[in-house]
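K.L.:
I'd like to ask some things about the structure below.
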Protein chains: 2
Amino acid sequence: MDEAALRHARSVFPWLVGASQVVGLAAVVLTGVWMGHFRGGFAWDGSALEFNLHPLCMVLGLVFLQGDAILVYRVFRNETKRNVKMLHGIIHLLALIISIIGFVAVFDFHRAAKIPDMYSLHSWCGMATMVLFCVQWVMGLLFFLFPVASSWLRASYLPIHGFCGVMLLVMAIGSSLLGITEKLLFSIMSTYSLFTPEGVLANVLGVLLLCFGVLLGYLLTREEYRRPPNPEEESLSVHFKTLTEGGSPTTP
Amino acid sequence: MDEAALRHARSVFPWLVGASQVVGLAAVVLTGVWMGHFRGGFAWDGSALEFNLHPLCMVLGLVFLQGDAILVYRVFRNETKRNVKMLHGIIHLLALIISIIGFVAVFDFHRAAKIPDMYSLHSWCGMATMVLFCVQWVMGLLFFLFPVASSWLRASYLPIHGFCGVMLLVMAIGSSLLGITEKLLFSIMSTYSLFTPEGVLANVLGVLLLCFGVLLGYLLTREEYRRPPNPEEESLSVHFKTLTEGGSPTTP
């Protein structure tokens, strides 16, 4: 990439990050408005109000916070790796806790209302995302925060960890869109086609989640936004082997 | 990446490509079985049988063929670029024609049955995917098959074209999953939770589409499966500027 193109790409970076945060937060707020205003609010009593916590927790934890936990490697690409890694782990821990609350809320509501579990495509995709997210979190912890694996194994796992992170974010967004469609057809099937405010609001929420995914996807996959290799830091890290052999290290 | 890891990655490549083709074709077949067996077959008469062409054409054109059109750059990465580019364009043309048939089928059915258009999240996402797919196809044609842009402009556009291609494939898969959920809730809402054969088959179709996306995503984003730069060919192509400045060319 030539210098002018690199400068241009770097100059739009803060705008793209800003846009992703506005879009992501708008999605969280819209989920809150949908469940709080149109669906009657929140409670923890096994009723439909407990179900309402499910979309809010999933959009906040599994989409917004998971996305931001990955994005810290791009936003703080000039900070020390150790600190960025800690921040990545902490935001992911928060995402995990909030997602588990949302996960429990829906099963609790189903149990109280005697609704069968795990029959819909949304539940299959959502469960796969949730299980893989937990596996990814534990693997990340073992490999990179409390390294129990050899540096060769860690270096080999790093690109897989990065790919799975982006894949899980896409799966979380896809599962959310399926959940929106399912909730609308269960609740307002007869009026959905009349462009009622609730239907339009939920559709806009879906589009915002899609835009969040596109923005994050772009920021996370463009080469010029990657963390620049720092030889002093890298020589002590998982990239040791790659660097000494003259390869190009891949930083998540 | 060290030699052993590169050899390992290269050795699994044909297996991953094979798996993607098996999974993708199984998804097309399952869509045919769903619409042909459970939903009464196909026709072009404005009835529900015309609607049945919509999922089949979309899964075949916008998912399977679009995915394979991108994958040719990885599978034939040692063939001449001109031939691979032609193949990429031809498969995309086929994908475009089949998608347009599927697109017309649903609007034709809605008109005959007096069902409103464009109110659901599936229709919003599907329309966005279809419009952007057409824009991407025309841009690709102008920039790379009948180059009307300068080589600088083409080199700048190339990574955007690649990113948008993968994004459109993900959007096509996401829209398909939304369509599956919508169709199931419109057709078998009362029996879906009883794990009836139609519901399970459609869920399995959704999981296959997801697996196709994950496999393609992995094959298209791993560095070691990229087309190796060929200086003789590249010097005449869009990468001229990048190569002469010592940068690393990005090949779609």
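We name chains A, B, ... following the order of the structure tokens; residues begin at 1 in each chain, and ligands are numbered from 1 as shown.
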Find the residues around Val29 in chain B up to 12 Å (only C-alpha atoms counted), leave out those fewer than 6 positions away in its own chain, and share them as an mmCIF file with C-alpha atoms, in the first residue's frame.
P.N.:
data_model
loop_
_atom_site.group_PDB
_atom_site.id
_atom_site.type_symbol
_atom_site.label_atom_id
_atom_site.label_comp_id
_atom_site.auth_asym_id
_atom_site.auth_seq_id
_atom_site.Cartn_x
_atom_site.Cartn_y
_atom_site.Cartn_z
ATOM 1 C CA VAL B 22 -20.344 -31.041 0.081
ATOM 2 C CA VAL B 23 -21.966 -28.728 2.649
ATOM 3 C CA MET B 35 -39.822 -26.769 -1.234
ATOM 4 C CA GLY B 36 -40.363 -29.766 -3.555
ATOM 5 C CA HIS B 37 -41.543 -32.347 -1.011
ATOM 6 C CA PRO B 55 -35.578 -19.975 -1.550
ATOM 7 C CA LEU B 56 -34.114 -22.440 -4.069
ATOM 8 C CA CYS B 57 -32.805 -19.714 -6.400
ATOM 9 C CA VAL B 59 -29.581 -20.492 -1.872
ATOM 10 C CA LEU B 60 -28.224 -21.688 -5.245
ATOM 11 C CA PHE B 64 -23.575 -21.347 -3.242
ATOM 12 C CA LEU B 201 -35.062 -30.252 7.992
ATOM 13 C CA ALA B 202 -35.269 -26.450 7.659
ATOM 14 C CA VAL B 204 -30.551 -28.392 9.473
ATOM 15 C CA LEU B 205 -30.571 -26.379 6.228
ATOM 16 C CA LEU B 208 -25.525 -26.168 6.734
ATOM 17 C CA LEU B 209 -25.645 -22.598 5.372
#
K.L.:
Any idea which chain A residues end up within 8 Å of chain B if we count only C-alpha atoms, as a ChimeraX atom specification please?
P.N.:
/A:1-2,5,116,119-122,124-125,156,163,167,174,177-178,181-182,185,192-195,199-200,203,206-207,214,218,242,245,247-249
K.L.:
I need the residues of range 4-241 of chain B that end up classed as alpha helix (DSSP H) by DSSP on the backbone, written out as a ChimeraX atom specification.
P.N.:
/B:4-33,48-51,53-57,66-75,81-113,121-140,151-192,197-221,231-234,240-241
K.L.:
Quick one: distance from CA of Leu216 in chain B to CA of Leu25 in chain B in Å, one decimal?
P.N.:
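The value is 13.4 Å.
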K.L.:
Could you fit chain A onto chain B by least squares over every C-alpha atom, paired in order, and give me the moved chain as a compact mmCIF listing (two decimals) with C-alpha atoms, in the first residue's frame?
P.N.:
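Saved as superposed-v7.txt:
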# COMPACT_ATOMS: atom_id res chain seq x y z
CA MET A 1 4.46 -18.59 9.49
CA ASP A 2 7.04 -21.38 9.71
CA GLU A 3 7.50 -24.06 7.04
CA ALA A 4 5.86 -26.92 9.00
CA ALA A 5 2.73 -24.86 9.76
CA LEU A 6 2.52 -23.71 6.11
CA ARG A 7 2.81 -27.32 4.88
CA HIS A 8 0.09 -28.40 7.31
CA ALA A 9 -2.21 -25.53 6.24
CA ARG A 10 -1.65 -26.40 2.55
CA SER A 11 -2.32 -30.11 3.18
CA VAL A 12 -5.75 -29.48 4.76
CA PHE A 13 -6.75 -27.02 1.98
CA PRO A 14 -8.26 -29.63 -0.43
CA TRP A 15 -10.19 -31.21 2.46
CA LEU A 16 -11.62 -27.86 3.49
CA VAL A 17 -12.58 -27.00 -0.10
CA GLY A 18 -14.15 -30.49 -0.49
CA ALA A 19 -16.09 -30.06 2.77
CA SER A 20 -17.34 -26.63 1.67
CA GLN A 21 -18.63 -28.09 -1.62
CA VAL A 22 -20.36 -31.04 0.09
CA VAL A 23 -21.98 -28.72 2.66
CA GLY A 24 -22.97 -26.13 0.03
CA LEU A 25 -24.47 -28.70 -2.34
CA ALA A 26 -26.27 -30.41 0.57
CA ALA A 27 -27.83 -27.02 1.42
CA VAL A 28 -29.06 -26.58 -2.19
CA VAL A 29 -30.47 -30.16 -2.25
CA LEU A 30 -32.16 -29.69 1.16
CA THR A 31 -33.79 -26.45 -0.04
CA GLY A 32 -35.07 -28.37 -3.08
CA VAL A 33 -36.42 -31.18 -0.87
CA TRP A 34 -38.06 -28.70 1.52
CA MET A 35 -39.82 -26.78 -1.25
CA GLY A 36 -40.36 -29.77 -3.57
CA HIS A 37 -41.54 -32.35 -1.05
CA PHE A 38 -42.93 -30.44 1.98
CA ARG A 39 -44.23 -27.33 0.16
CA GLY A 40 -45.72 -28.95 -2.95
CA GLY A 41 -43.16 -28.33 -5.71
CA PHE A 42 -42.53 -25.59 -8.24
CA ALA A 43 -44.44 -23.63 -10.89
CA TRP A 44 -44.44 -20.15 -12.54
CA ASP A 45 -48.10 -19.17 -12.10
CA GLY A 46 -48.18 -16.63 -9.24
CA SER A 47 -49.17 -19.34 -6.74
CA ALA A 48 -47.32 -20.52 -3.63
CA LEU A 49 -45.50 -22.93 -5.95
CA GLU A 50 -43.92 -19.93 -7.66
CA PHE A 51 -42.84 -18.63 -4.25
CA ASN A 52 -41.06 -21.99 -3.74
CA LEU A 53 -38.56 -21.00 -6.44
CA HIS A 54 -37.47 -18.05 -4.29
CA PRO A 55 -35.58 -19.98 -1.55
CA LEU A 56 -34.10 -22.44 -4.07
CA CYS A 57 -32.79 -19.71 -6.41
CA MET A 58 -31.44 -17.61 -3.54
CA VAL A 59 -29.57 -20.49 -1.87
CA LEU A 60 -28.22 -21.69 -5.24
CA GLY A 61 -27.39 -18.26 -6.73
CA LEU A 62 -26.69 -15.82 -3.94
CA VAL A 63 -25.09 -18.29 -1.49
CA PHE A 64 -23.58 -21.34 -3.23
CA LEU A 65 -22.55 -19.82 -6.58
CA GLN A 66 -21.51 -16.48 -5.08
CA GLY A 67 -19.33 -18.37 -2.57
CA ASP A 68 -17.76 -20.53 -5.28
CA ALA A 69 -17.19 -17.52 -7.55
CA ILE A 70 -15.00 -16.03 -4.80
CA LEU A 71 -13.38 -19.37 -3.94
CA VAL A 72 -11.96 -19.80 -7.49
CA TYR A 73 -9.21 -17.30 -6.54
CA ARG A 74 -8.04 -19.74 -3.84
CA VAL A 75 -8.64 -23.05 -5.66
CA PHE A 76 -6.95 -21.94 -8.91
CA ARG A 77 -4.34 -19.75 -7.27
CA ASN A 78 -1.60 -21.12 -9.55
CA GLU A 79 -3.51 -20.63 -12.84
CA THR A 80 -3.12 -17.50 -15.00
CA LYS A 81 -4.91 -14.56 -13.45
CA ARG A 82 -6.81 -13.69 -16.64
CA ASN A 83 -8.50 -17.12 -16.78
CA VAL A 84 -9.37 -17.11 -13.08
CA LYS A 85 -10.81 -13.60 -13.43
CA MET A 86 -13.00 -14.77 -16.35
CA LEU A 87 -14.22 -17.77 -14.34
CA HIS A 88 -14.94 -15.48 -11.36
CA GLY A 89 -17.01 -13.20 -13.64
CA ILE A 90 -18.87 -16.05 -15.37
CA ILE A 91 -19.90 -17.81 -12.11
CA HIS A 92 -20.99 -14.43 -10.73
CA LEU A 93 -23.06 -13.79 -13.88
CA LEU A 94 -24.78 -17.16 -13.35
CA ALA A 95 -25.32 -16.29 -9.66
CA LEU A 96 -26.83 -12.93 -10.70
CA ILE A 97 -29.25 -14.45 -13.25
CA ILE A 98 -30.46 -17.17 -10.84
CA SER A 99 -30.85 -14.63 -7.99
CA ILE A 100 -32.90 -12.32 -10.22
CA ILE A 101 -35.26 -15.23 -11.08
CA GLY A 102 -35.67 -15.94 -7.34
CA PHE A 103 -36.17 -12.23 -6.65
CA VAL A 104 -38.88 -11.89 -9.35
CA ALA A 105 -40.61 -15.10 -8.12
CA VAL A 106 -41.34 -13.71 -4.65
CA PHE A 107 -42.60 -10.30 -5.87
CA ASP A 108 -44.77 -12.04 -8.50
CA PHE A 109 -46.27 -14.33 -5.83
CA HIS A 110 -46.89 -11.37 -3.46
CA ARG A 111 -48.62 -9.43 -6.26
CA ALA A 112 -50.91 -12.36 -7.17
CA ALA A 113 -51.73 -13.16 -3.51
CA LYS A 114 -52.05 -9.44 -2.56
CA ILE A 115 -49.40 -9.79 0.17
CA PRO A 116 -47.62 -6.52 1.06
CA ASP A 117 -43.94 -6.24 0.07
CA MET A 118 -40.87 -5.14 1.98
CA TYR A 119 -42.19 -4.97 5.55
CA SER A 120 -40.11 -7.71 7.21
CA LEU A 121 -36.51 -7.72 8.41
CA HIS A 122 -35.83 -10.59 5.97
CA SER A 123 -37.05 -8.45 3.05
CA TRP A 124 -34.99 -5.43 4.19
CA CYS A 125 -31.79 -7.49 4.58
CA GLY A 126 -32.46 -9.48 1.41
CA MET A 127 -33.11 -6.35 -0.65
CA ALA A 128 -29.94 -4.66 0.70
CA THR A 129 -27.93 -7.79 -0.20
CA MET A 130 -29.44 -7.99 -3.69
CA VAL A 131 -28.90 -4.28 -4.50
CA LEU A 132 -25.33 -4.28 -3.16
CA PHE A 133 -24.62 -7.54 -5.05
CA CYS A 134 -25.67 -5.88 -8.33
CA VAL A 135 -23.57 -2.77 -7.54
CA GLN A 136 -20.58 -4.99 -6.69
CA TRP A 137 -21.00 -6.95 -9.92
CA VAL A 138 -21.16 -3.83 -12.11
CA MET A 139 -18.20 -2.23 -10.27
CA GLY A 140 -16.16 -5.45 -10.66
CA LEU A 141 -16.97 -5.53 -14.37
CA LEU A 142 -15.98 -1.90 -14.93
CA PHE A 143 -12.85 -1.97 -12.78
CA PHE A 144 -11.40 -5.41 -13.53
CA LEU A 145 -12.88 -6.99 -16.68
CA PHE A 146 -13.25 -3.90 -18.88
CA PRO A 147 -10.88 -1.61 -17.00
CA VAL A 148 -12.08 1.96 -17.33
CA ALA A 149 -10.37 3.19 -14.14
CA SER A 150 -6.70 4.13 -13.72
CA SER A 151 -4.40 1.45 -12.28
CA TRP A 152 -4.06 3.50 -9.06
CA LEU A 153 -7.84 3.55 -8.65
CA ARG A 154 -8.09 -0.17 -9.41
CA ALA A 155 -5.38 -1.02 -6.89
CA SER A 156 -7.15 1.11 -4.25
CA TYR A 157 -10.52 -0.49 -5.01
CA LEU A 158 -9.24 -4.10 -4.97
CA PRO A 159 -9.24 -4.64 -1.15
CA ILE A 160 -12.67 -2.93 -0.89
CA HIS A 161 -13.99 -5.26 -3.63
CA GLY A 162 -12.62 -8.29 -1.73
CA PHE A 163 -14.06 -7.14 1.62
CA CYS A 164 -17.46 -6.40 0.06
CA GLY A 165 -17.51 -9.83 -1.60
CA VAL A 166 -17.08 -11.67 1.71
CA MET A 167 -19.52 -9.25 3.42
CA LEU A 168 -22.15 -9.90 0.72
CA LEU A 169 -21.75 -13.67 1.10
CA VAL A 170 -22.28 -13.31 4.88
CA MET A 171 -25.31 -11.05 4.27
CA ALA A 172 -26.76 -13.57 1.77
CA ILE A 173 -26.41 -16.38 4.32
CA GLY A 174 -27.89 -14.20 7.10
CA SER A 175 -30.85 -13.22 4.88
CA SER A 176 -31.39 -16.91 4.01
CA LEU A 177 -31.54 -17.86 7.71
CA LEU A 178 -34.07 -15.04 8.29
CA GLY A 179 -36.10 -16.35 5.34
CA ILE A 180 -36.06 -19.90 6.76
CA THR A 181 -37.33 -18.65 10.16
CA GLU A 182 -40.02 -16.48 8.51
CA LYS A 183 -41.23 -19.31 6.22
CA LEU A 184 -41.40 -21.81 9.11
CA LEU A 185 -43.34 -19.44 11.38
CA PHE A 186 -45.77 -18.55 8.56
CA SER A 187 -46.31 -22.22 7.61
CA ILE A 188 -45.94 -24.49 10.66
CA MET A 189 -45.96 -22.20 13.73
CA SER A 190 -48.32 -24.49 15.69
CA THR A 191 -46.25 -27.65 15.11
CA TYR A 192 -42.70 -26.21 14.87
CA SER A 193 -42.06 -26.79 18.58
CA LEU A 194 -42.97 -30.51 18.22
CA PHE A 195 -39.80 -31.13 16.18
CA THR A 196 -41.80 -32.08 13.07
CA PRO A 197 -39.71 -33.35 10.09
CA GLU A 198 -40.22 -30.11 8.11
CA GLY A 199 -39.04 -27.93 10.99
CA VAL A 200 -35.98 -30.09 11.70
CA LEU A 201 -35.08 -30.26 7.98
CA ALA A 202 -35.29 -26.46 7.65
CA ASN A 203 -33.20 -25.98 10.83
CA VAL A 204 -30.56 -28.39 9.48
CA LEU A 205 -30.58 -26.39 6.24
CA GLY A 206 -29.87 -23.26 8.31
CA VAL A 207 -26.98 -24.99 10.09
CA LEU A 208 -25.54 -26.18 6.74
CA LEU A 209 -25.66 -22.61 5.39
CA LEU A 210 -23.88 -21.42 8.54
CA CYS A 211 -21.19 -24.12 8.12
CA PHE A 212 -20.76 -23.15 4.44
CA GLY A 213 -20.20 -19.55 5.57
CA VAL A 214 -17.66 -20.55 8.24
CA LEU A 215 -15.70 -22.79 5.83
CA LEU A 216 -15.68 -20.16 3.06
CA GLY A 217 -14.79 -17.43 5.59
CA TYR A 218 -11.81 -19.47 6.77
CA LEU A 219 -10.59 -20.36 3.26
CA LEU A 220 -10.94 -16.76 2.02
CA THR A 221 -9.26 -14.99 4.94
CA ARG A 222 -6.26 -17.26 5.76
CA GLU A 223 -3.07 -15.67 4.48
CA GLU A 224 -1.50 -18.99 3.32
CA TYR A 225 -4.32 -19.70 0.86
CA ARG A 226 -3.95 -16.39 -0.95
CA ARG A 227 -2.80 -16.30 -4.56
CA PRO A 228 1.02 -16.00 -4.55
CA PRO A 229 2.19 -12.83 -6.32
CA ASN A 230 3.55 -13.54 -9.80
CA PRO A 231 5.98 -10.72 -10.74
CA GLU A 232 5.66 -11.28 -14.52
CA GLU A 233 1.88 -11.20 -14.41
CA GLU A 234 1.65 -8.59 -11.68
CA SER A 235 3.82 -6.05 -13.50
CA LEU A 236 1.13 -5.86 -16.17
CA SER A 237 -1.76 -5.79 -13.75
CA VAL A 238 -3.34 -3.47 -11.23
CA HIS A 239 -0.53 -4.15 -8.75
CA PHE A 240 2.08 -2.35 -10.82
CA LYS A 241 2.24 0.67 -8.55
CA THR A 242 2.34 -1.36 -5.33
CA LEU A 243 5.11 -3.64 -6.54
CA THR A 244 7.35 -0.93 -7.87
CA GLU A 245 7.14 0.77 -4.50
CA GLY A 246 8.05 -2.45 -2.69
CA GLY A 247 4.66 -2.95 -1.00
CA SER A 248 2.97 -6.28 -0.57
CA PRO A 249 0.22 -6.71 -3.15
CA THR A 250 -3.17 -7.85 -1.98
CA THR A 251 -4.73 -10.37 -4.34
CA PRO A 252 -8.42 -11.21 -4.04
